[in-house]
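Have a look at my_file-v6.tsv below; it lists TSV, C-alpha atoms.
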```tsv
chain	number	residue	atom	x	y	z
A	1	MET	CA	-16.10	71.98	14.94
A	2	ARG	CA	-18.80	71.28	12.33
A	3	ASN	CA	-20.18	67.91	11.46
A	4	LEU	CA	-22.47	67.38	8.53
A	5	TYR	CA	-24.96	64.58	8.99
A	6	LEU	CA	-26.84	63.19	6.06
A	7	VAL	CA	-29.91	61.24	6.79
A	8	SER	CA	-30.49	58.91	3.93
A	9	ILE	CA	-32.68	56.31	5.59
A	10	LEU	CA	-35.75	57.78	3.97
A	11	PHE	CA	-34.03	57.50	0.65
A	12	LEU	CA	-33.60	53.78	1.27
A	13	LEU	CA	-37.11	53.24	2.54
A	14	THR	CA	-39.18	55.14	0.00
A	15	PRO	CA	-38.02	54.80	-3.57
A	16	CYS	CA	-40.15	57.71	-4.80
A	17	ALA	CA	-38.90	60.32	-2.33
A	18	ILE	CA	-35.27	60.85	-3.23
A	19	ARG	CA	-34.50	63.42	-0.58
A	20	ALA	CA	-31.99	63.59	2.21
A	21	GLN	CA	-32.29	65.91	5.18
A	22	ALA	CA	-29.02	67.63	6.01
A	23	PHE	CA	-28.23	69.53	9.15
A	24	THR	CA	-25.19	71.00	10.83
A	25	VAL	CA	-24.07	70.63	14.44
A	26	PHE	CA	-22.57	73.73	16.04
A	27	ASP	CA	-20.73	72.85	19.25
A	28	SER	CA	-19.95	76.47	19.91
A	29	PHE	CA	-22.11	79.57	19.56
A	30	SER	CA	-19.27	81.21	17.60
A	31	ASP	CA	-20.02	78.74	14.77
A	32	LEU	CA	-23.58	80.06	14.62
A	33	GLU	CA	-22.25	83.64	14.68
A	34	LYS	CA	-20.05	82.82	11.66
A	35	ARG	CA	-23.08	81.40	9.88
A	36	ILE	CA	-25.01	84.61	10.64
A	37	GLN	CA	-22.14	86.74	9.38
A	38	LYS	CA	-22.18	84.86	6.06
A	39	ALA	CA	-25.37	86.74	5.20
A	40	ASP	CA	-24.76	90.22	3.78
A	41	ALA	CA	-26.37	93.44	5.01
A	42	ASN	CA	-29.25	93.22	2.52
A	43	THR	CA	-30.17	89.68	3.48
A	44	THR	CA	-33.03	89.01	5.87
A	45	LEU	CA	-32.13	86.18	8.21
A	46	VAL	CA	-34.92	84.55	10.22
A	47	LEU	CA	-33.65	82.46	13.14
A	48	ASN	CA	-36.12	80.30	15.02
A	49	PHE	CA	-34.88	78.71	18.24
A	50	TRP	CA	-36.75	75.48	18.89
A	51	ALA	CA	-36.47	71.88	20.06
A	52	THR	CA	-38.26	68.64	19.22
A	53	TRP	CA	-39.39	68.31	22.85
A	54	CYS	CA	-40.89	71.82	22.95
A	55	SER	CA	-44.53	71.43	21.90
A	56	PRO	CA	-45.28	75.10	21.10
A	57	CYS	CA	-42.10	75.09	18.97
A	58	VAL	CA	-43.20	72.03	17.02
A	59	GLU	CA	-46.65	73.58	16.58
A	60	GLU	CA	-45.22	76.70	14.93
A	61	LEU	CA	-42.64	74.92	12.73
A	62	PRO	CA	-45.05	74.71	9.75
A	63	CYS	CA	-45.28	78.53	9.80
A	64	PHE	CA	-41.51	78.79	9.37
A	65	GLU	CA	-41.60	76.15	6.66
A	66	GLU	CA	-44.23	78.21	4.84
A	67	LEU	CA	-42.13	81.35	5.23
A	68	ASN	CA	-39.16	79.45	3.84
A	69	ARG	CA	-41.21	78.13	0.93
A	70	ASN	CA	-42.59	81.58	0.08
A	71	PHE	CA	-39.47	83.71	0.39
A	72	THR	CA	-36.19	81.84	0.64
A	73	GLY	CA	-33.81	82.78	-2.13
A	74	PRO	CA	-31.17	85.45	-2.59
A	75	GLY	CA	-31.70	87.97	0.21
A	76	PHE	CA	-33.90	85.80	2.42
A	77	GLU	CA	-32.92	82.85	4.63
A	78	VAL	CA	-34.68	80.85	7.33
A	79	ILE	CA	-32.56	78.92	9.84
A	80	LEU	CA	-34.16	76.56	12.36
A	81	VAL	CA	-31.77	76.50	15.33
A	82	SER	CA	-32.53	73.40	17.40
A	83	LEU	CA	-31.53	73.17	21.05
A	84	ASP	CA	-32.04	69.44	21.14
A	85	PHE	CA	-29.56	67.38	23.14
A	86	LYS	CA	-26.63	65.90	21.28
A	87	SER	CA	-26.94	62.81	23.45
A	88	GLN	CA	-30.40	62.22	21.95
A	89	LEU	CA	-29.36	62.76	18.36
A	90	ASP	CA	-30.06	59.24	17.15
A	91	LYS	CA	-32.94	58.51	19.46
A	92	ARG	CA	-34.90	61.70	19.02
A	93	PHE	CA	-33.54	64.34	16.65
A	94	LEU	CA	-32.86	62.25	13.54
A	95	PRO	CA	-36.20	60.41	13.64
A	96	PHE	CA	-37.97	63.78	14.00
A	97	LEU	CA	-36.16	65.21	10.97
A	98	GLU	CA	-36.89	62.11	8.93
A	99	LYS	CA	-40.55	62.33	9.76
A	100	GLN	CA	-40.92	66.09	9.22
A	101	GLN	CA	-38.73	66.44	6.11
A	102	LEU	CA	-38.06	70.10	6.89
A	103	LYS	CA	-37.03	72.14	3.88
A	104	SER	CA	-35.55	75.05	5.84
A	105	GLU	CA	-31.91	75.03	6.89
A	106	VAL	CA	-31.55	73.14	10.19
A	107	VAL	CA	-28.71	73.52	12.69
A	108	LEU	CA	-28.28	71.95	16.10
A	109	LEU	CA	-26.69	74.31	18.60
A	110	ALA	CA	-25.03	72.21	21.31
A	111	ASP	CA	-23.27	74.99	23.24
A	112	GLN	CA	-24.32	74.25	26.83
A	113	ASP	CA	-23.09	77.50	28.39
A	114	ALA	CA	-26.32	79.29	27.51
A	115	ASP	CA	-25.77	82.28	29.79
A	116	SER	CA	-22.75	83.22	27.68
A	117	TRP	CA	-24.57	83.25	24.34
A	118	ILE	CA	-28.30	83.95	24.95
A	119	PRO	CA	-27.72	87.73	25.33
A	120	LYS	CA	-25.72	87.70	22.06
A	121	VAL	CA	-28.78	86.40	20.22
A	122	HIS	CA	-30.83	89.25	21.65
A	123	PRO	CA	-30.43	91.24	24.89
A	124	LYS	CA	-34.15	90.79	25.64
A	125	TRP	CA	-34.10	87.00	25.42
A	126	GLU	CA	-33.96	85.17	28.76
A	127	GLY	CA	-33.88	81.68	27.29
A	128	ALA	CA	-37.46	80.39	27.08
A	129	LEU	CA	-38.34	78.44	23.94
A	130	PRO	CA	-39.58	79.15	21.34
A	131	ALA	CA	-37.90	82.42	20.40
A	132	THR	CA	-37.41	84.08	17.03
A	133	VAL	CA	-34.89	86.67	15.89
A	134	VAL	CA	-34.87	88.45	12.54
A	135	ILE	CA	-31.55	89.94	11.45
A	136	ARG	CA	-31.01	92.45	8.67
A	137	GLY	CA	-28.35	95.07	8.08
A	138	GLY	CA	-26.90	94.66	11.57
A	139	GLN	CA	-30.30	95.18	13.21
A	140	ARG	CA	-32.33	92.60	15.10
A	141	ALA	CA	-35.99	92.11	15.95
A	142	PHE	CA	-36.96	89.68	18.68
A	143	TYR	CA	-40.15	87.70	19.28
A	144	PRO	CA	-40.18	85.89	22.63
A	145	ASP	CA	-43.16	83.61	22.06
A	146	GLN	CA	-44.97	81.21	19.77
A	147	PHE	CA	-46.56	82.73	16.66
A	148	GLU	CA	-50.30	82.12	16.64
A	149	ASN	CA	-50.43	81.64	12.88
A	150	TYR	CA	-48.50	82.12	9.67
A	151	GLN	CA	-49.81	85.63	9.04
A	152	GLU	CA	-48.55	86.81	12.41
A	153	LEU	CA	-45.06	85.54	11.61
A	154	GLU	CA	-45.00	87.03	8.11
A	155	THR	CA	-46.21	90.40	9.43
A	156	PHE	CA	-43.58	90.41	12.17
A	157	VAL	CA	-40.78	89.66	9.70
A	158	PHE	CA	-41.80	92.13	7.02
A	159	ASP	CA	-42.67	95.01	9.36
A	160	PHE	CA	-39.06	94.73	10.52
A	161	VAL	CA	-37.72	94.47	6.97
A	162	LYS	CA	-39.60	97.65	6.01
A	163	LYS	CA	-38.21	99.45	9.06
A	164	THR	CA	-34.62	98.44	8.32
A	165	ARG	CA	-35.04	99.38	4.65
A	166	LYS	CA	-36.12	102.86	5.68
A	167	ALA	CA	-33.24	103.12	8.15
A	168	MET	CA	-30.69	101.91	5.61
A	169	CYS	CA	-32.09	104.36	3.06
A	170	LEU	CA	-31.80	107.30	5.47
A	171	ASP	CA	-28.33	106.10	6.40
A	172	SER	CA	-27.08	106.12	2.82
A	173	LYS	CA	-28.64	109.59	2.27
A	174	GLY	CA	-26.89	110.83	5.38
A	175	THR	CA	-23.48	109.69	4.25
A	176	ARG	CA	-23.82	111.25	0.84
B	177	MET	CA	-54.34	126.27	41.09
B	178	LYS	CA	-57.61	124.51	40.20
B	179	ARG	CA	-56.01	123.40	36.98
B	180	ALA	CA	-53.02	122.01	38.82
B	181	ILE	CA	-55.31	120.00	41.09
B	182	HIS	CA	-57.17	118.72	38.05
B	183	THR	CA	-53.94	117.66	36.44
B	184	LEU	CA	-52.89	115.98	39.65
B	185	PHE	CA	-56.15	114.02	39.83
B	186	LEU	CA	-55.81	113.09	36.18
B	187	LEU	CA	-52.26	111.83	36.74
B	188	ALA	CA	-53.35	109.87	39.82
B	189	GLY	CA	-56.17	108.33	37.77
B	190	VAL	CA	-53.80	107.33	35.02
B	191	PHE	CA	-51.47	105.81	37.60
B	192	VAL	CA	-54.30	103.77	39.20
B	193	LEU	CA	-55.39	102.56	35.78
B	194	TYR	CA	-51.79	101.67	34.93
B	195	VAL	CA	-51.34	99.62	38.12
B	196	ALA	CA	-54.71	97.94	37.59
B	197	ALA	CA	-53.77	97.05	34.02
B	198	THR	CA	-50.26	95.81	34.70
B	199	GLY	CA	-50.82	94.23	38.12
B	200	PRO	CA	-48.27	94.37	40.91
B	201	GLU	CA	-44.68	94.97	39.88
B	202	THR	CA	-42.35	92.09	39.08
B	203	TYR	CA	-39.59	91.64	41.65
B	204	VAL	CA	-36.06	92.68	40.82
B	205	ILE	CA	-32.86	91.84	42.70
B	206	GLY	CA	-32.93	93.58	46.08
B	207	ASP	CA	-36.75	93.59	46.37
B	208	LYS	CA	-38.47	92.17	49.43
B	209	ILE	CA	-40.77	89.38	48.33
B	210	ASP	CA	-44.30	88.85	49.64
B	211	ASP	CA	-45.22	85.55	51.21
B	212	PHE	CA	-47.51	83.23	49.27
B	213	SER	CA	-49.65	80.26	50.17
B	214	LEU	CA	-49.83	77.36	47.72
B	215	ARG	CA	-50.94	73.75	47.91
B	216	ASN	CA	-48.20	71.19	48.40
B	217	VAL	CA	-48.26	67.65	46.97
B	218	ASP	CA	-49.10	66.41	50.50
B	219	GLY	CA	-52.34	68.39	50.36
B	220	ARG	CA	-51.34	71.09	52.85
B	221	MET	CA	-50.97	74.79	52.12
B	222	VAL	CA	-47.36	75.97	52.37
B	223	SER	CA	-45.96	79.49	52.83
B	224	LEU	CA	-42.53	80.93	53.56
B	225	ALA	CA	-43.77	81.53	57.13
B	226	ASP	CA	-43.89	77.75	57.59
B	227	TYR	CA	-40.07	77.81	57.70
B	228	PRO	CA	-39.47	79.93	60.83
B	229	ASP	CA	-35.81	78.90	61.12
B	230	ALA	CA	-34.96	79.41	57.46
B	231	LYS	CA	-31.77	81.31	56.66
B	232	GLY	CA	-32.93	81.65	53.08
B	233	TYR	CA	-34.96	79.94	50.37
B	234	ILE	CA	-34.24	78.35	47.01
B	235	ILE	CA	-37.47	78.91	45.07
B	236	VAL	CA	-37.48	76.84	41.88
B	237	PHE	CA	-40.20	77.18	39.26
B	238	THR	CA	-40.15	73.74	37.69
B	239	CYS	CA	-42.54	71.10	36.39
B	240	ASN	CA	-42.96	67.47	35.38
B	241	HIS	CA	-43.01	67.62	31.61
B	242	CYS	CA	-40.10	69.87	30.60
B	243	PRO	CA	-36.94	67.99	29.54
B	244	TYR	CA	-34.78	70.75	31.07
B	245	ALA	CA	-36.64	70.40	34.38
B	246	GLN	CA	-36.08	66.65	34.16
B	247	LEU	CA	-32.36	67.12	33.47
B	248	TYR	CA	-32.15	69.26	36.60
B	249	GLU	CA	-34.45	67.16	38.81
B	250	GLN	CA	-31.66	65.27	40.60
B	251	ARG	CA	-29.64	68.47	40.97
B	252	ILE	CA	-32.64	70.18	42.61
B	253	ILE	CA	-32.96	67.24	45.02
B	254	ASN	CA	-29.22	67.51	45.76
B	255	LEU	CA	-29.51	71.24	46.43
B	256	HIS	CA	-32.19	70.60	49.05
B	257	ARG	CA	-30.26	67.73	50.66
B	258	ARG	CA	-27.18	69.87	50.90
B	259	PHE	CA	-28.62	73.22	51.97
B	260	SER	CA	-31.77	72.48	53.93
B	261	PRO	CA	-29.70	71.22	56.92
B	262	MET	CA	-27.98	74.62	56.74
B	263	GLY	CA	-31.36	76.38	56.86
B	264	VAL	CA	-31.91	77.00	53.13
B	265	PRO	CA	-34.62	74.67	51.78
B	266	VAL	CA	-35.75	74.21	48.20
B	267	ILE	CA	-39.36	75.21	47.53
B	268	ALA	CA	-40.40	73.92	44.11
B	269	ILE	CA	-43.40	75.49	42.36
B	270	ASN	CA	-45.14	74.20	39.24
B	271	PRO	CA	-46.54	77.24	37.40
B	272	ASN	CA	-48.02	75.49	34.35
B	273	ASP	CA	-51.65	75.28	33.31
B	274	PRO	CA	-52.55	71.55	33.19
B	275	ASP	CA	-55.21	72.26	30.56
B	276	ILE	CA	-52.28	72.88	28.21
B	277	VAL	CA	-49.90	70.28	29.66
B	278	PRO	CA	-51.85	67.43	31.34
B	279	GLU	CA	-48.53	66.02	32.60
B	280	ASP	CA	-48.28	69.02	34.93
B	281	SER	CA	-51.61	68.50	36.72
B	282	PHE	CA	-51.68	68.38	40.51
B	283	GLU	CA	-52.31	64.60	40.44
B	284	GLU	CA	-49.27	64.11	38.18
B	285	MET	CA	-47.20	66.32	40.50
B	286	VAL	CA	-48.15	64.07	43.43
B	287	ALA	CA	-47.21	60.99	41.38
B	288	ARG	CA	-43.85	62.45	40.36
B	289	ALA	CA	-42.98	63.66	43.86
B	290	THR	CA	-43.84	60.25	45.30
B	291	GLU	CA	-41.96	58.30	42.64
B	292	LYS	CA	-38.82	60.44	42.89
B	293	ARG	CA	-39.20	60.91	46.66
B	294	TYR	CA	-38.92	64.67	46.57
B	295	PRO	CA	-37.49	65.76	49.93
B	296	PHE	CA	-38.81	69.32	49.39
B	297	ALA	CA	-42.22	70.98	49.05
B	298	TYR	CA	-43.59	70.81	45.51
B	299	LEU	CA	-46.31	73.46	45.23
B	300	PHE	CA	-48.90	74.16	42.57
B	301	ASP	CA	-49.42	77.76	41.42
B	302	SER	CA	-52.94	76.83	40.34
B	303	THR	CA	-54.15	80.42	39.94
B	304	GLN	CA	-50.93	81.44	38.16
B	305	THR	CA	-50.55	84.48	40.40
B	306	VAL	CA	-47.22	83.70	42.08
B	307	TYR	CA	-44.92	83.09	39.11
B	308	PRO	CA	-45.69	86.47	37.43
B	309	ARG	CA	-44.66	88.32	40.60
B	310	PHE	CA	-41.27	86.63	40.38
B	311	GLY	CA	-41.06	87.28	36.66
B	312	ALA	CA	-40.47	83.58	36.07
B	313	ASN	CA	-40.69	82.84	32.36
B	314	ARG	CA	-39.42	79.30	31.99
B	315	THR	CA	-38.85	76.02	33.79
B	316	PRO	CA	-36.56	75.57	35.55
B	317	HIS	CA	-36.11	79.17	36.76
B	318	VAL	CA	-34.52	79.72	40.18
B	319	PHE	CA	-34.89	82.56	42.70
B	320	VAL	CA	-32.63	82.61	45.76
B	321	VAL	CA	-34.06	84.64	48.63
B	322	SER	CA	-32.20	85.63	51.80
B	323	GLN	CA	-33.43	85.20	55.40
B	324	ASP	CA	-34.96	88.70	55.42
B	325	ARG	CA	-36.83	87.70	52.23
B	326	ILE	CA	-34.79	89.87	49.92
B	327	LEU	CA	-34.42	88.50	46.39
B	328	ARG	CA	-30.70	87.92	45.82
B	329	TYR	CA	-30.32	85.72	42.73
B	330	ILE	CA	-32.35	85.00	39.58
B	331	GLY	CA	-31.47	82.45	36.95
B	332	ALA	CA	-29.98	79.07	36.15
B	333	ILE	CA	-28.86	76.30	38.49
B	334	ASP	CA	-25.51	75.90	36.71
B	335	ASP	CA	-23.92	76.26	33.29
B	336	ASN	CA	-24.38	72.78	31.83
B	337	PRO	CA	-27.89	71.29	31.64
B	338	GLU	CA	-26.98	68.24	29.59
B	339	ASN	CA	-23.85	67.10	31.39
B	340	PRO	CA	-23.69	67.60	35.19
B	341	THR	CA	-20.09	66.37	35.29
B	342	ALA	CA	-18.95	69.15	32.93
B	343	VAL	CA	-20.41	71.98	35.03
B	344	ARG	CA	-17.97	74.83	35.65
B	345	HIS	CA	-20.16	77.34	37.47
B	346	ARG	CA	-22.67	76.26	40.13
B	347	TYR	CA	-24.64	79.50	40.20
B	348	VAL	CA	-27.26	78.54	42.80
B	349	GLU	CA	-24.77	76.83	45.13
B	350	ASP	CA	-22.54	79.89	44.97
B	351	ALA	CA	-25.51	82.21	45.55
B	352	VAL	CA	-26.69	80.26	48.61
B	353	GLN	CA	-23.20	80.22	50.09
B	354	ALA	CA	-22.97	83.96	49.51
B	355	ILE	CA	-26.26	84.72	51.32
B	356	LEU	CA	-25.22	82.42	54.20
B	357	ARG	CA	-22.08	84.56	54.55
B	358	GLY	CA	-24.27	87.66	54.40
B	359	GLU	CA	-22.83	88.64	51.03
B	360	ARG	CA	-24.37	89.45	47.66
B	361	PRO	CA	-24.11	86.64	45.08
B	362	HIS	CA	-22.03	87.25	42.00
B	363	PRO	CA	-23.38	86.78	39.40
B	364	ASP	CA	-26.87	87.58	40.64
B	365	TYR	CA	-28.54	87.04	37.27
B	366	THR	CA	-28.02	84.35	34.62
B	367	ARG	CA	-29.95	83.21	31.58
B	368	ALA	CA	-30.73	79.63	30.55
B	369	ILE	CA	-32.66	77.69	27.96
B	370	GLY	CA	-35.92	76.30	29.30
B	371	CYS	CA	-39.55	75.55	28.53
B	372	THR	CA	-41.94	78.48	28.44
B	373	ILE	CA	-44.40	78.64	31.31
B	374	LYS	CA	-47.76	77.48	29.99
B	375	ARG	CA	-50.15	80.34	30.66
B	376	LYS	CA	-53.88	79.64	30.80
B	377	ARG	CA	-55.52	80.50	27.48
B	378	LYS	CA	-58.14	83.21	27.78
```
Do you think you could lay out the structure here as structure tokens?
Amino acid sequence: MRNLYLVSILFLLTPCAIRAQAFTVFDSFSDLEKRIQKADANTTLVLNFWATWCSPCVEELPCFEELNRNFTGPGFEVILVSLDFKSQLDKRFLPFLEKQQLKSEVVLLADQDADSWIPKVHPKWEGALPATVVIRGGQRAFYPDQFENYQELETFVFDFVKKTRKAMCLDSKGTR
Amino acid sequence: MKRAIHTLFLLAGVFVLYVAATGPETYVIGDKIDDFSLRNVDGRMVSLADYPDAKGYIIVFTCNHCPYAQLYEQRIINLHRRFSPMGVPVIAINPNDPDIVPEDSFEEMVARATEKRYPFAYLFDSTQTVYPRFGANRTPHVFVVSQDRILRYIGAIDDNPENPTAVRHRYVEDAVQAILRGERPHPDYTRAIGCTIKRKRK
């Protein structure tokens, strides 16, 4: 079940900023898995698990926005996976999105049975927010904390990309 | 022979350094837990030994500020009301550093406990030495301990934070009933979304 919400209030309020913030609601973790599978093996997928009520998460959001600004394109995607409550969509989530005008892809994961899906994100994750997972070529890197600054995030992502590139390279040599 | 003794001493040294660097081990299921002594919202120090008739303990790392802790607040109260007459009280512990989250200061804990009439002890891990032993990493994070102080369950209260009426698995309730029967809970470990524990900045 996927619902696409378009927030156009800002469009109505400020004539100069003709932008609408779109996000997707995933009621089941399998919807997020399908979204992940849409990316091919050469694509780097950065998933940040956050929530509007989680202050360290909100603090590090600008780092992910910067990463998105610098690298998103073919082969690189940033997805901000919010664990906000669906019941507070109008009261809390939408106003936050309107205010922040996030440019990265935003999804709201509303699957409540967290014990069933947290280990599928990464076996090392126990559920504390924030958490970040980088996926590339079937491999995953996990960061169980807040990034101190942008550089730390970029280094974490690209150290992993380099490692997977090497692995994929060796792999293709091996099969030849 | 001399060399072997040297090696032995070297290994022992490395081990001592390792323990000193990493601190005492984090409990795993089946471990016997050490007693602790923390200040309760009523001003008194509370330890497990203060419950001589306990048939077990529901230790909940929780706090004031976290929305997940707030969603579970009434369910934590209900757990105590239901199981403390059967000898298994809730002991709530706030592990957060109030310099990071002022809402989780001791004064705010007292205010919250008074306002919501907490029927259980609400302790403050002010030195942040108790939660690391348990390996708690979020709020709320529950540890069910049996009468002989063996850790029997780690994890979530149930499987639906947002909607208590849609809960299918009451993990903590099931775990407490299991230990009261003298059995091992199943599952004995679950994961859940929660707020990170706010560690003092060095």
Using all atoms listed in the file - which residues lie no farther than 12 Å from the point (-46.9, 72.1, 45.5) in the file's frame? Write them as a ChimeraX atom specification.
/B:212-223,235-240,266-272,280-289,294,296-302
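Going from CA of Leu153 in chain A over to CA of Asp84 in chain A, you cover 22.8 Å.
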For a quick test of understanding: name the residues of chain A lying within 12 Å of chain B when counting all atoms listed in the file, and present them as a count of residues only.
42
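Here CA of Gln323 in chain B is placed at a distance of 24.9 Å from CA of Gln250 in chain B.
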Record the distance separating CA of Ala22 in chain A and CA of Leu89 in chain A, expressed in Å with one decimal.
13.3 Å
Dig up all the protein and nucleic acid residues within 10 Å of (-37.7, 79.8, 2.2) in the file frame, using all atoms listed in the file, and format them as number ranges by chain.
A: 46, 64-74, 76-79, 103-105
Shell of 8 Å around Leu255 in chain B, only C-alpha atoms, local chain residues under 4 positions omitted, as a ChimeraX atom specification:
/B:251,259-260,266,349
Prev. selection, C-alpha atoms, output as a compact mmCIF listing (two decimals), keeping the file's coordinate frame:
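Result file is selection-v8.txt:
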```txt
# COMPACT_ATOMS: atom_id res chain seq x y z
CA ARG B 251 -29.64 68.47 40.97
CA PHE B 259 -28.62 73.22 51.97
CA SER B 260 -31.77 72.48 53.93
CA VAL B 266 -35.75 74.21 48.20
CA GLU B 349 -24.77 76.83 45.13
```
What lies within 12 Å of range 160-171 of chain A using only C-alpha atoms, ignoring chain neighbours under 3 positions off, as JSON, numbers by chain?
{"A": [41, 42, 43, 44, 45, 46, 75, 76, 133, 134, 135, 136, 137, 138, 139, 140, 141, 142, 143, 153, 154, 155, 156, 157, 174, 175, 176]}
Write the residues of the selection above to a file with C-alpha atoms, as a tab-separated table (two decimals), in the coordinates of the input.
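The result, written out as part_36.tsv:
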```
chain	number	residue	atom	x	y	z
A	41	ALA	CA	-26.37	93.44	5.01
A	42	ASN	CA	-29.25	93.22	2.52
A	43	THR	CA	-30.17	89.68	3.48
A	44	THR	CA	-33.03	89.01	5.87
A	45	LEU	CA	-32.13	86.18	8.21
A	46	VAL	CA	-34.92	84.55	10.22
A	75	GLY	CA	-31.70	87.97	0.21
A	76	PHE	CA	-33.90	85.80	2.42
A	133	VAL	CA	-34.89	86.67	15.89
A	134	VAL	CA	-34.87	88.45	12.54
A	135	ILE	CA	-31.55	89.94	11.45
A	136	ARG	CA	-31.01	92.45	8.67
A	137	GLY	CA	-28.35	95.07	8.08
A	138	GLY	CA	-26.90	94.66	11.57
A	139	GLN	CA	-30.30	95.18	13.21
A	140	ARG	CA	-32.33	92.60	15.10
A	141	ALA	CA	-35.99	92.11	15.95
A	142	PHE	CA	-36.96	89.68	18.68
A	143	TYR	CA	-40.15	87.70	19.28
A	153	LEU	CA	-45.06	85.54	11.61
A	154	GLU	CA	-45.00	87.03	8.11
A	155	THR	CA	-46.21	90.40	9.43
A	156	PHE	CA	-43.58	90.41	12.17
A	157	VAL	CA	-40.78	89.66	9.70
A	174	GLY	CA	-26.89	110.83	5.38
A	175	THR	CA	-23.48	109.69	4.25
A	176	ARG	CA	-23.82	111.25	0.84
```
